[in-house]
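Coordinates from my_file_4.cif are shown below (mmCIF, C-alpha atoms).
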data_model
loop_
_atom_site.group_PDB
_atom_site.id
_atom_site.type_symbol
_atom_site.label_atom_id
_atom_site.label_comp_id
_atom_site.auth_asym_id
_atom_site.auth_seq_id
_atom_site.Cartn_x
_atom_site.Cartn_y
_atom_site.Cartn_z
ATOM 1 C CA MET R 427 -2.911 22.134 -0.820
ATOM 2 C CA HIS R 428 0.486 22.452 0.747
ATOM 3 C CA ILE R 429 1.606 19.208 2.301
ATOM 4 C CA SER R 430 5.277 19.468 2.969
ATOM 5 C CA SER R 431 7.577 20.672 5.658
ATOM 6 C CA SER R 432 10.731 20.248 3.589
ATOM 7 C CA PRO R 433 12.158 23.363 1.917
ATOM 8 C CA SER R 434 12.539 21.699 -1.477
ATOM 9 C CA GLN R 435 8.898 20.778 -1.630
ATOM 10 C CA GLN R 436 7.770 24.157 -0.315
ATOM 11 C CA THR R 437 9.297 25.629 -3.438
ATOM 12 C CA MET R 438 7.345 23.209 -5.603
ATOM 13 C CA VAL R 439 3.978 24.417 -4.529
ATOM 14 C CA SER R 440 4.749 28.103 -4.149
ATOM 15 C CA PRO R 441 2.732 29.056 -7.267
ATOM 16 C CA GLU R 442 -0.291 27.546 -5.557
ATOM 17 C CA ARG R 443 0.495 29.558 -2.470
ATOM 18 C CA ASP R 444 0.869 32.741 -4.488
ATOM 19 C CA ALA R 445 -2.437 32.088 -6.191
ATOM 20 C CA ALA R 446 -4.061 31.475 -2.835
ATOM 21 C CA SER R 447 -2.696 34.683 -1.347
ATOM 22 C CA ARG R 448 -3.879 36.673 -4.384
ATOM 23 C CA VAL R 449 -7.465 35.654 -3.782
ATOM 24 C CA GLY R 450 -7.140 36.268 -0.064
ATOM 25 C CA VAL R 451 -7.327 32.756 1.324
ATOM 26 C CA SER R 452 -4.572 30.993 3.164
ATOM 27 C CA PRO R 453 -3.404 27.686 1.691
ATOM 28 C CA VAL R 454 -4.538 24.510 3.395
ATOM 29 C CA VAL R 455 -1.646 23.012 5.310
ATOM 30 C CA LEU R 456 -1.577 19.388 6.373
ATOM 31 C CA GLY R 457 0.782 18.756 9.289
ATOM 32 C CA GLU R 458 3.043 15.738 9.699
ATOM 33 C CA PRO R 459 0.578 13.734 11.870
ATOM 34 C CA GLY R 460 -2.106 14.267 9.234
ATOM 35 C CA LEU R 461 0.242 13.223 6.449
ATOM 36 C CA PHE R 462 1.216 10.044 8.277
ATOM 37 C CA LEU R 463 -2.430 9.230 8.949
ATOM 38 C CA LEU R 464 -3.191 9.765 5.273
ATOM 39 C CA ALA R 465 -0.291 7.463 4.358
ATOM 40 C CA LEU R 466 -1.602 4.817 6.754
ATOM 41 C CA VAL R 467 -5.079 4.981 5.182
ATOM 42 C CA ARG R 468 -3.425 4.706 1.746
ATOM 43 C CA ILE R 469 -1.574 1.562 2.855
ATOM 44 C CA PHE R 470 -4.797 -0.043 4.084
ATOM 45 C CA PHE R 471 -6.648 0.944 0.916
ATOM 46 C CA GLY R 472 -3.812 -0.753 -0.982
ATOM 47 C CA LEU R 473 -4.219 -3.850 1.198
ATOM 48 C CA LEU R 474 -7.930 -3.880 0.357
ATOM 49 C CA TRP R 475 -7.086 -4.245 -3.350
ATOM 50 C CA PHE R 476 -4.176 -6.596 -2.736
ATOM 51 C CA GLN R 477 -6.308 -8.997 -0.672
ATOM 52 C CA GLN R 478 -8.871 -9.293 -3.458
ATOM 53 C CA LEU R 479 -6.230 -11.029 -5.586
ATOM 54 C CA ALA R 480 -6.458 -14.065 -3.304
ATOM 55 C CA TRP R 481 -9.839 -15.331 -4.536
ATOM 56 C CA LYS R 482 -9.179 -14.814 -8.232
ATOM 57 C CA MET R 483 -5.686 -16.187 -8.603
ATOM 58 C CA PRO R 484 -4.227 -17.274 -11.961
ATOM 59 C CA PRO R 485 -4.283 -19.414 -13.995
ATOM 60 C CA THR R 486 -8.090 -19.851 -13.831
ATOM 61 C CA PHE R 487 -9.157 -16.581 -12.108
ATOM 62 C CA GLY R 488 -12.080 -18.778 -11.022
ATOM 63 C CA GLY R 489 -13.586 -16.641 -8.262
ATOM 64 C CA LEU R 490 -14.076 -13.757 -10.635
ATOM 65 C CA ARG R 491 -16.557 -15.512 -12.940
ATOM 66 C CA SER R 492 -19.500 -15.545 -10.523
ATOM 67 C CA TYR R 493 -19.105 -11.816 -9.916
ATOM 68 C CA VAL R 494 -19.000 -11.014 -13.633
ATOM 69 C CA LEU R 495 -22.158 -13.102 -14.105
ATOM 70 C CA LYS R 496 -23.767 -11.195 -11.221
ATOM 71 C CA GLU R 497 -22.771 -7.907 -12.844
ATOM 72 C CA ALA R 498 -24.263 -9.034 -16.152
ATOM 73 C CA ALA R 499 -27.516 -9.860 -14.387
ATOM 74 C CA TYR R 500 -27.921 -6.780 -12.205
ATOM 75 C CA THR R 501 -26.145 -3.844 -13.816
ATOM 76 C CA PHE R 502 -28.198 -0.671 -13.982
ATOM 77 C CA VAL R 503 -26.534 0.610 -17.161
ATOM 78 C CA PRO R 504 -28.427 -0.389 -20.321
ATOM 79 C CA GLY R 505 -26.312 -2.438 -22.720
ATOM 80 C CA TYR R 506 -23.551 -3.157 -20.207
ATOM 81 C CA SER R 507 -24.950 -6.637 -19.594
ATOM 82 C CA ALA R 508 -24.640 -7.485 -23.309
ATOM 83 C CA ILE R 509 -21.037 -6.254 -23.393
ATOM 84 C CA LEU R 510 -20.149 -8.386 -20.368
ATOM 85 C CA LYS R 511 -21.851 -11.487 -21.802
ATOM 86 C CA HIS R 512 -20.759 -11.251 -25.423
ATOM 87 C CA VAL R 513 -17.343 -9.601 -25.151
ATOM 88 C CA PHE R 514 -15.807 -10.246 -21.748
ATOM 89 C CA LEU R 515 -17.297 -13.582 -20.675
ATOM 90 C CA THR R 516 -16.438 -15.141 -24.041
ATOM 91 C CA ARG R 517 -12.804 -14.164 -23.410
ATOM 92 C CA PHE R 518 -12.833 -14.830 -19.697
ATOM 93 C CA LEU R 519 -9.133 -15.678 -19.264
ATOM 94 C CA LEU R 520 -8.174 -12.420 -20.914
ATOM 95 C CA LEU R 521 -10.620 -10.545 -18.682
ATOM 96 C CA GLY R 522 -9.335 -12.372 -15.604
ATOM 97 C CA ALA R 523 -5.714 -11.613 -16.438
ATOM 98 C CA GLY R 524 -6.565 -7.958 -17.057
ATOM 99 C CA VAL R 525 -8.563 -7.500 -13.847
ATOM 100 C CA TRP R 526 -6.013 -9.413 -11.754
ATOM 101 C CA SER R 527 -3.081 -7.422 -13.159
ATOM 102 C CA ALA R 528 -4.896 -4.116 -12.731
ATOM 103 C CA GLU R 529 -5.745 -4.899 -9.099
ATOM 104 C CA LEU R 530 -2.157 -6.023 -8.461
ATOM 105 C CA LEU R 531 -0.888 -2.717 -9.866
ATOM 106 C CA VAL R 532 -3.342 -0.760 -7.702
ATOM 107 C CA GLY R 533 -2.297 -2.756 -4.646
ATOM 108 C CA ILE R 534 1.430 -2.246 -5.227
ATOM 109 C CA SER R 535 0.990 1.419 -6.080
ATOM 110 C CA LEU R 536 -1.023 2.231 -2.952
ATOM 111 C CA LEU R 537 0.829 -0.038 -0.533
ATOM 112 C CA PHE R 538 4.239 1.297 -1.517
ATOM 113 C CA GLY R 539 3.193 4.823 -2.402
ATOM 114 C CA LEU R 540 4.578 4.393 -5.904
ATOM 115 C CA PHE R 541 2.928 6.656 -8.497
ATOM 116 C CA THR R 542 0.110 6.792 -5.992
ATOM 117 C CA ARG R 543 -2.241 9.026 -7.955
ATOM 118 C CA LEU R 544 -1.914 6.818 -11.020
ATOM 119 C CA GLY R 545 -2.740 3.797 -8.870
ATOM 120 C CA ALA R 546 -5.679 5.681 -7.374
ATOM 121 C CA LEU R 547 -6.886 6.615 -10.851
ATOM 122 C CA LEU R 548 -6.834 2.949 -11.826
ATOM 123 C CA ALA R 549 -8.617 2.108 -8.555
ATOM 124 C CA LEU R 550 -11.233 4.727 -9.457
ATOM 125 C CA VAL R 551 -11.891 3.116 -12.856
ATOM 126 C CA LEU R 552 -12.154 -0.354 -11.288
ATOM 127 C CA SER R 553 -14.414 0.965 -8.511
ATOM 128 C CA ILE R 554 -16.755 2.704 -10.962
ATOM 129 C CA GLN R 555 -16.980 -0.530 -12.939
ATOM 130 C CA LEU R 556 -17.855 -2.426 -9.736
ATOM 131 C CA PHE R 557 -20.438 0.211 -8.796
ATOM 132 C CA ILE R 558 -22.081 -0.018 -12.198
ATOM 133 C CA GLY R 559 -22.192 -3.784 -12.085
ATOM 134 C CA LEU R 560 -22.823 -4.693 -8.461
ATOM 135 C CA ALA R 561 -24.175 -1.738 -6.498
ATOM 136 C CA PHE R 562 -27.807 -2.765 -6.949
ATOM 137 C CA ALA R 563 -27.377 -6.551 -7.020
ATOM 138 C CA PRO R 564 -29.292 -8.505 -4.364
ATOM 139 C CA GLY R 565 -27.412 -8.807 -1.087
ATOM 140 C CA GLU R 566 -25.115 -5.919 -1.892
ATOM 141 C CA TRP R 567 -25.108 -2.578 -0.075
ATOM 142 C CA TYR R 568 -24.740 0.045 -2.806
ATOM 143 C CA TRP R 569 -22.620 2.252 -0.559
ATOM 144 C CA THR R 570 -19.905 -0.450 -0.442
ATOM 145 C CA TYR R 571 -18.979 0.355 -4.021
ATOM 146 C CA GLY R 572 -19.873 4.010 -3.600
ATOM 147 C CA MET R 573 -17.338 4.257 -0.791
ATOM 148 C CA LEU R 574 -14.718 2.520 -2.947
ATOM 149 C CA VAL R 575 -15.260 5.175 -5.613
ATOM 150 C CA LEU R 576 -15.068 8.003 -3.061
ATOM 151 C CA LEU R 577 -11.952 6.621 -1.379
ATOM 152 C CA ALA R 578 -10.225 6.268 -4.740
ATOM 153 C CA LEU R 579 -11.184 9.873 -5.523
ATOM 154 C CA VAL R 580 -9.564 11.046 -2.286
ATOM 155 C CA PHE R 581 -6.275 9.438 -3.310
ATOM 156 C CA VAL R 582 -6.507 10.862 -6.817
ATOM 157 C CA ALA R 583 -6.860 14.301 -5.235
ATOM 158 C CA LEU R 584 -4.173 14.015 -2.546
ATOM 159 C CA PRO R 585 -0.511 13.129 -2.995
ATOM 160 C CA ALA R 586 -0.625 10.458 -0.309
ATOM 161 C CA GLY R 587 2.537 8.629 -1.349
ATOM 162 C CA ARG R 588 4.917 11.308 -0.138
ATOM 163 C CA ARG R 589 4.980 9.956 3.389
ATOM 164 C CA LEU R 590 5.792 6.272 3.982
ATOM 165 C CA GLY R 591 5.959 5.925 0.222
ATOM 166 C CA LEU R 592 8.377 5.827 -2.688
ATOM 167 C CA ASP R 593 6.791 8.964 -4.134
ATOM 168 C CA ALA R 594 8.757 10.836 -1.456
ATOM 169 C CA LEU R 595 11.875 10.006 -3.482
ATOM 170 C CA LEU R 596 10.343 10.475 -6.922
ATOM 171 C CA ALA R 597 8.377 13.691 -6.431
ATOM 172 C CA PRO R 598 11.331 16.101 -6.033
ATOM 173 C CA ARG R 599 13.002 14.672 -9.146
ATOM 174 C CA TRP R 600 9.922 14.894 -11.359
ATOM 175 C CA TYR R 601 9.056 18.351 -10.036
ATOM 176 C CA ALA R 602 12.570 19.587 -10.721
ATOM 177 C CA ALA R 603 12.422 18.270 -14.287
ATOM 178 C CA ARG R 604 8.841 19.229 -15.106
ATOM 179 C CA THR R 605 9.709 22.556 -16.728
ATOM 180 C CA ARG R 606 12.148 20.850 -19.091
ATOM 181 C CA HIS R 607 10.310 17.632 -20.037
ATOM 182 C CA ARG R 608 6.682 17.050 -20.914
ATOM 183 C CA LEU R 609 6.907 13.478 -19.612
ATOM 184 C CA ALA R 610 8.257 14.708 -16.281
ATOM 185 C CA ARG R 611 5.292 17.106 -16.036
ATOM 186 C CA LEU R 612 2.926 14.161 -16.455
ATOM 187 C CA LEU R 613 4.863 11.958 -14.055
ATOM 188 C CA ALA R 614 5.006 14.784 -11.504
ATOM 189 C CA TRP R 615 1.228 14.731 -11.350
ATOM 190 C CA PHE R 616 1.164 10.996 -10.702
ATOM 191 C CA VAL R 617 3.269 11.180 -7.510
ATOM 192 C CA MET F 715 22.717 6.318 21.097
ATOM 193 C CA ALA F 716 20.245 8.583 19.312
ATOM 194 C CA HIS F 717 20.466 6.594 16.089
ATOM 195 C CA LEU F 718 19.782 3.353 17.977
ATOM 196 C CA ARG F 719 16.725 4.882 19.620
ATOM 197 C CA ARG F 720 15.586 6.214 16.261
ATOM 198 C CA GLY F 721 16.084 2.835 14.617
ATOM 199 C CA ALA F 722 14.275 0.970 17.397
ATOM 200 C CA ALA F 723 11.331 3.394 17.357
ATOM 201 C CA ALA F 724 11.069 3.270 13.549
ATOM 202 C CA GLY F 725 11.293 -0.542 13.669
ATOM 203 C CA LEU F 726 8.606 -0.738 16.358
ATOM 204 C CA LEU F 727 6.220 1.427 14.329
ATOM 205 C CA ALA F 728 6.984 -0.468 11.108
ATOM 206 C CA GLY F 729 6.341 -3.756 12.939
ATOM 207 C CA PHE F 730 3.092 -2.268 14.266
ATOM 208 C CA VAL F 731 1.950 -1.382 10.734
ATOM 209 C CA VAL F 732 2.692 -4.936 9.521
ATOM 210 C CA ALA F 733 0.927 -6.406 12.585
ATOM 211 C CA LEU F 734 -2.134 -4.262 11.800
ATOM 212 C CA LEU F 735 -2.074 -5.430 8.171
ATOM 213 C CA PHE F 736 -1.923 -9.046 9.318
ATOM 214 C CA PHE F 737 -4.883 -8.483 11.632
ATOM 215 C CA VAL F 738 -7.082 -7.340 8.755
ATOM 216 C CA ASP F 739 -8.043 -10.559 6.995
ATOM 217 C CA TYR F 740 -10.938 -12.982 6.984
ATOM 218 C CA GLY F 741 -9.731 -14.573 10.257
ATOM 219 C CA PRO F 742 -9.388 -11.967 11.589
ATOM 220 C CA GLY F 743 -5.698 -12.202 12.249
ATOM 221 C CA THR F 744 -5.014 -15.613 10.701
ATOM 222 C CA ASN F 745 -1.568 -14.504 9.600
ATOM 223 C CA LEU F 746 -0.724 -13.467 13.159
ATOM 224 C CA SER F 747 -1.208 -17.125 14.164
ATOM 225 C CA THR F 748 1.117 -18.098 11.317
ATOM 226 C CA ILE F 749 3.833 -15.822 12.756
ATOM 227 C CA ALA F 750 3.379 -17.406 16.213
ATOM 228 C CA HIS F 751 3.644 -20.842 14.587
ATOM 229 C CA TRP F 752 6.913 -19.935 12.863
ATOM 230 C CA PHE F 753 8.399 -19.015 16.235
ATOM 231 C CA ALA F 754 7.064 -22.273 17.761
ATOM 232 C CA LEU F 755 4.842 -20.267 20.097
ATOM 233 C CA SER F 756 1.450 -21.339 18.773
ATOM 234 C CA GLY F 757 -1.017 -23.816 20.195
ATOM 235 C CA SER F 758 -2.879 -21.673 22.684
ATOM 236 C CA SER F 759 -5.895 -19.397 22.400
ATOM 237 C CA LEU F 760 -3.504 -16.460 22.494
ATOM 238 C CA ASP F 761 -1.835 -17.281 19.142
ATOM 239 C CA LYS F 762 -2.896 -14.057 17.482
ATOM 240 C CA LEU F 763 -1.822 -11.874 20.388
ATOM 241 C CA VAL F 764 1.528 -13.727 20.498
ATOM 242 C CA GLY F 765 1.971 -13.137 16.748
ATOM 243 C CA PHE F 766 1.112 -9.461 17.168
ATOM 244 C CA VAL F 767 3.637 -8.991 20.002
ATOM 245 C CA LEU F 768 6.272 -10.989 18.097
ATOM 246 C CA LEU F 769 5.961 -8.658 15.105
ATOM 247 C CA LEU F 770 6.452 -5.653 17.393
ATOM 248 C CA ALA F 771 9.479 -7.301 19.057
ATOM 249 C CA VAL F 772 11.128 -8.501 15.840
ATOM 250 C CA GLY F 773 10.331 -5.174 14.182
ATOM 251 C CA THR F 774 12.059 -3.329 17.026
ATOM 252 C CA LEU F 775 15.056 -5.687 16.870
ATOM 253 C CA PHE F 776 15.482 -5.213 13.107
ATOM 254 C CA GLY F 777 15.102 -1.463 13.613
ATOM 255 C CA LEU F 778 17.786 -1.498 16.285
ATOM 256 C CA VAL F 779 20.192 -3.280 13.943
ATOM 257 C CA PHE F 780 19.202 -0.864 11.160
ATOM 258 C CA GLY F 781 19.983 2.080 13.452
ATOM 259 C CA ALA F 782 23.308 0.531 14.473
ATOM 260 C CA VAL F 783 24.383 -0.068 10.872
ATOM 261 C CA CYS F 784 23.111 3.199 9.397
ATOM 262 C CA GLY F 785 23.855 5.401 12.377
ATOM 263 C CA ARG F 786 27.527 5.791 11.546
ATOM 264 C CA ARG F 787 26.746 7.379 8.182
ATOM 265 C CA ARG F 788 24.683 10.432 7.455
ATOM 266 C CA LEU F 789 22.044 9.040 5.125
ATOM 267 C CA THR F 790 19.903 11.050 2.756
ATOM 268 C CA MET F 791 16.192 10.266 2.670
ATOM 269 C CA SER F 792 16.657 8.217 -0.523
ATOM 270 C CA GLN F 793 19.505 6.206 0.987
ATOM 271 C CA SER F 794 17.508 5.595 4.141
ATOM 272 C CA VAL F 795 14.482 4.329 2.202
ATOM 273 C CA LEU F 796 16.655 2.094 0.001
ATOM 274 C CA ALA F 797 18.466 0.744 3.073
ATOM 275 C CA GLY F 798 15.034 0.146 4.604
ATOM 276 C CA LEU F 799 13.876 -1.826 1.566
ATOM 277 C CA LEU F 800 17.073 -3.875 1.777
ATOM 278 C CA THR F 801 16.236 -4.551 5.425
ATOM 279 C CA GLY F 802 12.801 -5.684 4.241
ATOM 280 C CA VAL F 803 14.482 -8.198 1.930
ATOM 281 C CA VAL F 804 16.610 -9.421 4.860
ATOM 282 C CA TRP F 805 13.397 -9.684 6.956
ATOM 283 C CA TRP F 806 11.839 -11.827 4.227
ATOM 284 C CA VAL F 807 14.921 -14.066 3.975
ATOM 285 C CA VAL F 808 15.313 -14.533 7.738
ATOM 286 C CA ILE F 809 11.713 -14.628 8.969
ATOM 287 C CA VAL F 810 9.671 -15.874 6.026
ATOM 288 C CA TRP F 811 12.074 -18.037 4.052
ATOM 289 C CA LEU F 812 14.536 -19.348 6.636
ATOM 290 C CA LEU F 813 12.304 -19.567 9.714
ATOM 291 C CA GLY F 814 8.863 -20.020 8.137
ATOM 292 C CA THR F 815 9.702 -22.188 5.141
ATOM 293 C CA ILE F 816 12.986 -24.008 5.814
ATOM 294 C CA ILE F 817 12.939 -24.494 9.584
ATOM 295 C CA ARG F 818 9.188 -24.698 10.274
ATOM 296 C CA HIS F 819 8.309 -26.306 6.882
ATOM 297 C CA GLY F 820 5.564 -23.797 6.160
ATOM 298 C CA GLN F 821 3.752 -24.240 2.843
ATOM 299 C CA GLN F 822 2.619 -21.054 1.163
ATOM 300 C CA SER F 823 0.175 -20.611 -1.695
ATOM 301 C CA LEU F 824 1.167 -18.210 -4.463
ATOM 302 C CA TYR F 825 -0.921 -15.532 -2.756
ATOM 303 C CA GLY F 826 0.780 -16.315 0.576
ATOM 304 C CA VAL F 827 4.201 -15.849 -1.026
ATOM 305 C CA MET F 828 3.067 -12.520 -2.492
ATOM 306 C CA LEU F 829 1.539 -11.369 0.803
ATOM 307 C CA PHE F 830 4.603 -12.118 2.921
ATOM 308 C CA LEU F 831 6.969 -10.613 0.336
ATOM 309 C CA MET F 832 4.814 -7.479 0.152
ATOM 310 C CA SER F 833 4.585 -7.167 3.945
ATOM 311 C CA SER F 834 8.350 -7.643 4.358
ATOM 312 C CA LEU F 835 9.110 -4.917 1.826
ATOM 313 C CA LEU F 836 6.477 -2.674 3.403
ATOM 314 C CA TYR F 837 8.149 -3.155 6.784
ATOM 315 C CA GLY F 838 11.413 -2.001 5.218
ATOM 316 C CA LEU F 839 9.791 0.942 3.458
ATOM 317 C CA VAL F 840 8.132 2.219 6.639
ATOM 318 C CA LEU F 841 11.313 1.645 8.648
ATOM 319 C CA GLY F 842 13.520 3.490 6.163
ATOM 320 C CA SER F 843 11.022 6.310 5.639
ATOM 321 C CA LEU F 844 10.547 6.985 9.354
ATOM 322 C CA TYR F 845 14.262 6.712 10.108
ATOM 323 C CA GLY F 846 15.123 9.031 7.224
ATOM 324 C CA GLN F 847 12.474 11.550 8.217
ATOM 325 C CA TRP F 848 13.532 11.592 11.872
ATOM 326 C CA SER F 849 17.197 11.879 10.906
ATOM 327 C CA GLY F 850 16.548 14.878 8.670
#
Would it be possible to restate this file's structure as structure tokens?
Amino acid sequence: MHISSSPSQQTMVSPERDAASRVGVSPVVLGEPGLFLLALVRIFFGLLWFQQLAWKMPPTFGGLRSYVLKEAAYTFVPGYSAILKHVFLTRFLLLGAGVWSAELLVGISLLFGLFTRLGALLALVLSIQLFIGLAFAPGEWYWTYGMLVLLALVFVALPAGRRLGLDALLAPRWYAARTRHRLARLLAWFV
Amino acid sequence: MAHLRRGAAAGLLAGFVVALLFFVDYGPGTNLSTIAHWFALSGSSLDKLVGFVLLLAVGTLFGLVFGAVCGRRRLTMSQSVLAGLLTGVVWWVVIVWLLGTIIRHGQQSLYGVMLFLMSSLLYGLVLGSLYGQWSG
């Protein structure tokens, strides 16, 4: 997918364009209005994660416990309940700190468009975990967590932080350096 | 004049984004009432609408100042975004800390502090990004 109107970024994706022209299909181009809309959706998806920090704040992470218990009771994956009960619930503060920090990172990443795909990847892992634990619990609509997974996948696939995001500043630098440094190649994928 | 118009338009849109974010909560729009309260314009059934309009107005005003300050220089995209983030910090100091906390004695939970800091920086990011893009 070609998403940029700036000359520097057109150069970045030219191999994709060449590949597309070789197989006889034109590359998919997303115009500026589409890019801004995508960035706006990214910001709201980030807010979704950020807001969920409110009911599981440190130092007790209290609101989280009832959900973990619910997951342990209604997960559809065999053995997952035992892991939750005997590993995570026995070290609840550690679990709470981990979940809270991960959701904070996802929120910051998506709200500010900073290493957006990395944030989306983390959101994907968290969403899959929620789907496994809660999708078929009483009172839950399984598509709630299914949609979370799908939305996270969209932002793993698309570089949504390059408009209204800090990735707009990082992407050209990492792309320029990706042929010289392995780390830059990895980081270039995350923006 | 073009840079002032650009700044005002970018500020208006950035304020609109923040106003939309503040609408989406369990209220809905509880934080919009908070904004109205900070400006001593709360107390009616229109609190949330007042807060929404205030964010657009203050956003435009900050954008206008941003355009006036940055308009004299030719900023790169990076400089524009960084200047925008700095404006977001100024927004937080003036609106959240000075007006909301010191003058209006607002008490914020830890989450409230995080939310208003995040929204202030997001205002600046959107402002700087739009201004930089439109200047390019």
Could you write out as a list in words the residues of chain R within 6 Å of chain F, counting all atoms listed in the file?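 My answer is Ala480, Leu590 and Leu595 of chain R.
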What does the distance between CA of Gly741 (chain F) and CA of Val764 (chain F) come to in Å, to one decimal place?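 The value is 15.2 Å.
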Quick one: what's the axis-aligned box for region 767-776 of chain F, all listed atoms, 8 Å on every side, centre and edges in Å to one decimal, as JSON?
{"center_x": 9.6, "center_y": -7.2, "center_z": 16.6, "size_x": 27.8, "size_y": 23.7, "size_z": 22.9}
Near Val580 (chain R), counting only C-alpha atoms, which residues have an atom at most 12 Å away, once you skip same-chain residues fewer than 3 positions from it, shown as a short mmCIF file (atom, residue, chain, number, x, y, z; two decimals) with C-alpha atoms, in the frame of the given file?
data_model
loop_
_atom_site.label_atom_id
_atom_site.label_comp_id
_atom_site.auth_asym_id
_atom_site.auth_seq_id
_atom_site.Cartn_x
_atom_site.Cartn_y
_atom_site.Cartn_z
CA LEU R 464 -3.19 9.76 5.27
CA ALA R 465 -0.29 7.46 4.36
CA VAL R 467 -5.08 4.98 5.18
CA ARG R 468 -3.42 4.71 1.75
CA PHE R 471 -6.65 0.94 0.92
CA THR R 542 0.11 6.79 -5.99
CA ARG R 543 -2.24 9.03 -7.96
CA GLY R 545 -2.74 3.80 -8.87
CA ALA R 546 -5.68 5.68 -7.37
CA LEU R 547 -6.89 6.62 -10.85
CA ALA R 549 -8.62 2.11 -8.56
CA LEU R 550 -11.23 4.73 -9.46
CA MET R 573 -17.34 4.26 -0.79
CA LEU R 574 -14.72 2.52 -2.95
CA VAL R 575 -15.26 5.18 -5.61
CA LEU R 576 -15.07 8.00 -3.06
CA LEU R 577 -11.95 6.62 -1.38
CA ALA R 583 -6.86 14.30 -5.24
CA LEU R 584 -4.17 14.02 -2.55
CA PRO R 585 -0.51 13.13 -3.00
CA ALA R 586 -0.62 10.46 -0.31
#
Using all atoms listed in the file, which protein or nucleic acid residues come within 10 Å of region 755-762 of chain F? Drop anything in the same chain fewer than 2 positions from it, and give the result as an MDAnalysis selection string. chainID F and resid 733 736:737 741:753 764:768
Calculated over only C-alpha atoms, which of the candidates R:Val551, R:Leu540, R:Ile534, R:Leu556 has the smallest distance to Val494 (chain R)? R:Leu556
